[in-house]
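Chemist: Have a look at this one.
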Amino acid sequence: MLIVDRLSVSYGEKLILNNLRVEFASAQVHGLVGLNGSGKTTLLNTLYGFKQPDSGNILYEETPLRRADMSYLETENYFYSNITGREYLGLFRSPNDTYLADDWNRLFGLPLDRLIDGYSTGMKKKLALMAILKQDKPVVILDEPFNGLDIEASKILSMTIEKLREKGRTIMVTSHILESLTTICDTIHYLNEGKIQFSRAKGCFGDIETEVFKDLETAYADMIDKVM
């Protein structure tokens, strides 16, 4: 179990996360949704230690969460210049000595011995995913992992997430496409105004879109009527 308890995070005088509390059960896939600016990436960055909280606790298995417990796929990944895909994967440690990049690459079909500088956006996303999978951490954070992937790669990613769940991993996934979460998640959490407004388990996903967008529709309906 990963527990976020009374977490507050700000940038300057702007409060982004406000006394947030949420629990992420182990061996489950957790979706995190929210409108732009709701604080999704701030929450993920704080979990990983990129951002220090103003207050609150983050516990994993009843002890403070460590970066060593996590692997984090950011929305935009950084790659060094003038290195190959294979060299990039070599920067990441694997607890499994039998890890073979070429075996994983049968799924993704990347030119691992070519410079990353020549990779497309989708190819870079696949390479970053391979690095995440190589680390085999108990907590896996995926921020917009489907961005830039074609249909085949998206299906492979969904199947891989299911396998991570079977292995007992705690997985967090964000996506701006709600349907991509409803198919793979056990629970979806809605972040709004710095707090988790609600969490819905599989079987209760039907009303999420209505609940998420009702405030947005109310706010912009009159404006759209005027310009149309």
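Letters A, B, ... go to the chains of the structure tokens in the order shown; residues in each chain start at 1; ligands are counted from 1 in the same order.
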Can you list every residue of region 85-194 of chain A that has an atom at most 12 Å from region 3-13 of chain A, with its nearest atom pair and the distance in Å to one decimal, using only C-alpha atoms, ordered by chain then number, as CSV?
Modeler:
residue,atom,partner,partner_atom,distance
A:Thr170,CA,A:Ile3,CA,11.5
A:Glu193,CA,A:Ser8,CA,11.7
A:Gly194,CA,A:Ser8,CA,8.3
Chemist: Would you mind writing down, as a PyMOL selection string, each residue of region 66-118 of chain A that DSSP on the backbone assigns to alpha helix (DSSP H)?
Modeler: chain A and resi 85-89+101-108
Chemist: Give me a file of those residues, with N, CA, C and O atoms, as a CSV table (one decimal), in the first residue's frame.
Modeler:
chain,number,residue,atom,x,y,z
A,85,GLY,N,20.5,3.7,-28.7
A,85,GLY,CA,19.4,3.2,-27.8
A,85,GLY,C,20.0,2.1,-26.9
A,85,GLY,O,19.6,2.1,-25.7
A,86,ARG,N,20.9,1.3,-27.3
A,86,ARG,CA,21.5,0.3,-26.5
A,86,ARG,C,22.3,0.9,-25.4
A,86,ARG,O,22.3,0.4,-24.2
A,87,GLU,N,23.1,1.9,-25.7
A,87,GLU,CA,23.9,2.6,-24.7
A,87,GLU,C,22.9,3.3,-23.6
A,87,GLU,O,23.3,3.3,-22.4
A,88,TYR,N,21.8,3.8,-24.1
A,88,TYR,CA,20.9,4.4,-23.2
A,88,TYR,C,20.3,3.4,-22.2
A,88,TYR,O,20.3,3.7,-21.0
A,89,LEU,N,20.0,2.2,-22.7
A,89,LEU,CA,19.4,1.2,-21.8
A,89,LEU,C,20.5,0.7,-20.8
A,89,LEU,O,20.2,0.4,-19.7
A,101,ALA,N,18.2,-6.8,-23.6
A,101,ALA,CA,17.5,-5.8,-24.4
A,101,ALA,C,16.9,-6.3,-25.7
A,101,ALA,O,15.8,-5.9,-26.1
A,102,ASP,N,17.6,-7.2,-26.3
A,102,ASP,CA,17.1,-7.7,-27.6
A,102,ASP,C,15.8,-8.6,-27.4
A,102,ASP,O,14.9,-8.6,-28.3
A,103,ASP,N,15.6,-9.2,-26.3
A,103,ASP,CA,14.4,-9.9,-26.0
A,103,ASP,C,13.2,-9.0,-25.9
A,103,ASP,O,12.1,-9.2,-26.5
A,104,TRP,N,13.4,-7.9,-25.1
A,104,TRP,CA,12.3,-6.9,-25.0
A,104,TRP,C,12.1,-6.2,-26.4
A,104,TRP,O,10.9,-5.9,-26.7
A,105,ASN,N,13.1,-6.1,-27.1
A,105,ASN,CA,13.0,-5.3,-28.4
A,105,ASN,C,12.3,-6.1,-29.4
A,105,ASN,O,11.9,-5.5,-30.5
A,106,ARG,N,12.0,-7.4,-29.2
A,106,ARG,CA,11.1,-8.1,-30.1
A,106,ARG,C,9.7,-7.5,-30.1
A,106,ARG,O,9.0,-7.7,-31.1
A,107,LEU,N,9.4,-6.9,-28.9
A,107,LEU,CA,8.1,-6.3,-28.8
A,107,LEU,C,8.1,-4.9,-29.5
A,107,LEU,O,7.1,-4.6,-30.1
A,108,PHE,N,9.1,-4.2,-29.3
A,108,PHE,CA,9.1,-2.8,-29.7
A,108,PHE,C,9.8,-2.5,-31.1
A,108,PHE,O,9.6,-1.5,-31.7
Chemist: Please compute the CA of Ile224 (chain A)-CA of Ser38 (chain A) distance, one decimal, in Å.
Modeler: 22.4 Å
Chemist: Looking at only C-alpha atoms, which of A:Val22, A:Met1, A:Leu115, A:Leu91 is the one that sits closest to Glu61 (chain A)?
Modeler: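 Among the listed residues, A:Met1 lies closest to Glu61 (chain A).
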Chemist: With only C-alpha atoms as the basis for distance, which of A:Leu15, A:Leu157, A:Leu164, A:Leu100 is at the shortest distance from Pro145 (chain A)?
Modeler: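 Closest candidate: A:Leu157.
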Chemist: Tell me which of A:Met223, A:Leu2, A:Leu133, A:Leu110 sits closest to Arg66 (chain A), counting only C-alpha atoms.
Modeler: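 Closest residue, counting only C-alpha atoms: A:Leu2.
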Chemist: Residues near Cys185 (chain A), anyone? I mean within 9 Å using only C-alpha atoms, not counting same-chain ones fewer than 6 positions away, as a PyMOL selection string.
Modeler: chain A and resi 28-31+172-173+201-202
Chemist: Would you output that residue set with N, CA, C and O atoms, as a short mmCIF file (atom, residue, chain, number, x, y, z; two decimals), in the first residue's frame?
Modeler:
data_model
loop_
_atom_site.label_atom_id
_atom_site.label_comp_id
_atom_site.auth_asym_id
_atom_site.auth_seq_id
_atom_site.Cartn_x
_atom_site.Cartn_y
_atom_site.Cartn_z
N GLN A 28 -2.37 -3.21 -8.09
CA GLN A 28 -3.47 -2.59 -8.81
C GLN A 28 -2.94 -1.52 -9.76
O GLN A 28 -1.86 -0.97 -9.55
N VAL A 29 -3.75 -1.22 -10.78
CA VAL A 29 -3.46 -0.14 -11.70
C VAL A 29 -4.37 1.03 -11.33
O VAL A 29 -5.59 0.90 -11.31
N HIS A 30 -3.75 2.17 -11.02
CA HIS A 30 -4.48 3.35 -10.58
C HIS A 30 -4.41 4.43 -11.65
O HIS A 30 -3.31 4.86 -12.03
N GLY A 31 -5.56 4.86 -12.13
CA GLY A 31 -5.61 5.97 -13.06
C GLY A 31 -5.73 7.29 -12.31
O GLY A 31 -6.41 7.36 -11.28
N MET A 172 0.72 3.59 -11.34
CA MET A 172 -0.04 4.83 -11.50
C MET A 172 0.09 5.30 -12.93
O MET A 172 1.21 5.38 -13.47
N VAL A 173 -1.05 5.61 -13.56
CA VAL A 173 -1.08 6.00 -14.96
C VAL A 173 -1.92 7.26 -15.12
O VAL A 173 -3.04 7.33 -14.59
N ALA A 201 -13.89 2.57 -8.31
CA ALA A 201 -13.38 1.25 -8.64
C ALA A 201 -13.99 0.76 -9.94
O ALA A 201 -15.04 1.25 -10.38
N LYS A 202 -13.31 -0.21 -10.57
CA LYS A 202 -13.83 -0.80 -11.81
C LYS A 202 -15.25 -1.30 -11.55
O LYS A 202 -15.55 -1.90 -10.52
#
Chemist: So which bits of region 114-209 of chain A end up strand (DSSP E) when you DSSP the backbone, as a PyMOL selection string?
Modeler: chain A and resi 139-143+170-174+187-192+195-201
Chemist: Could you dump the residues just selected with C-alpha atoms as an mmCIF file, in the first residue's frame?
Modeler:
data_model
loop_
_atom_site.group_PDB
_atom_site.id
_atom_site.type_symbol
_atom_site.label_atom_id
_atom_site.label_comp_id
_atom_site.auth_asym_id
_atom_site.auth_seq_id
_atom_site.Cartn_x
_atom_site.Cartn_y
_atom_site.Cartn_z
ATOM 1 C CA VAL A 139 6.076 1.182 -7.799
ATOM 2 C CA VAL A 140 5.698 2.204 -11.449
ATOM 3 C CA ILE A 141 4.638 5.749 -12.391
ATOM 4 C CA LEU A 142 3.582 6.372 -15.989
ATOM 5 C CA ASP A 143 2.737 9.971 -16.954
ATOM 6 C CA THR A 170 1.661 -0.684 -7.771
ATOM 7 C CA ILE A 171 1.066 1.203 -11.013
ATOM 8 C CA MET A 172 -0.040 4.829 -11.499
ATOM 9 C CA VAL A 173 -1.075 6.001 -14.959
ATOM 10 C CA THR A 174 -2.227 9.385 -16.223
ATOM 11 C CA THR A 187 -9.338 2.353 -9.694
ATOM 12 C CA ILE A 188 -9.508 5.875 -11.122
ATOM 13 C CA HIS A 189 -8.870 8.923 -8.930
ATOM 14 C CA TYR A 190 -10.108 12.401 -9.888
ATOM 15 C CA LEU A 191 -7.810 15.255 -8.899
ATOM 16 C CA ASN A 192 -9.386 18.711 -8.783
ATOM 17 C CA LYS A 195 -7.427 17.338 -3.789
ATOM 18 C CA ILE A 196 -8.703 13.910 -4.765
ATOM 19 C CA GLN A 197 -12.400 14.640 -5.199
ATOM 20 C CA PHE A 198 -13.380 10.995 -5.624
ATOM 21 C CA SER A 199 -12.052 7.537 -6.435
ATOM 22 C CA ARG A 200 -14.020 4.982 -8.447
ATOM 23 C CA ALA A 201 -13.381 1.249 -8.636
#
Chemist: Quick one: everything within 7 Å of Ser175 (chain A), counting only C-alpha atoms, minus sequence neighbours fewer than 6 positions away in the same chain. Send it as a ChimeraX atom specification.
Modeler: /A:33,144,181
Chemist: Give me, please, the distance in Å between CA of Ile161 (chain A) and CA of Ile184 (chain A), quoted to one decimal.
Modeler: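 CA of Ile184 (chain A) lies 7.7 Å from CA of Ile161 (chain A).
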Chemist: One number please: CA of Leu149 (chain A) to CA of Asp207 (chain A), in Å, one decimal.
Modeler: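 A separation of 27.4 Å between them.
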Chemist: Which is closest to Thr75 (chain A) among A:Phe146, A:Ile132, A:Ser154, A:Thr218, if we use only C-alpha atoms?
Modeler: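 Distance minimum relative to Thr75 (chain A) lands on A:Phe146.
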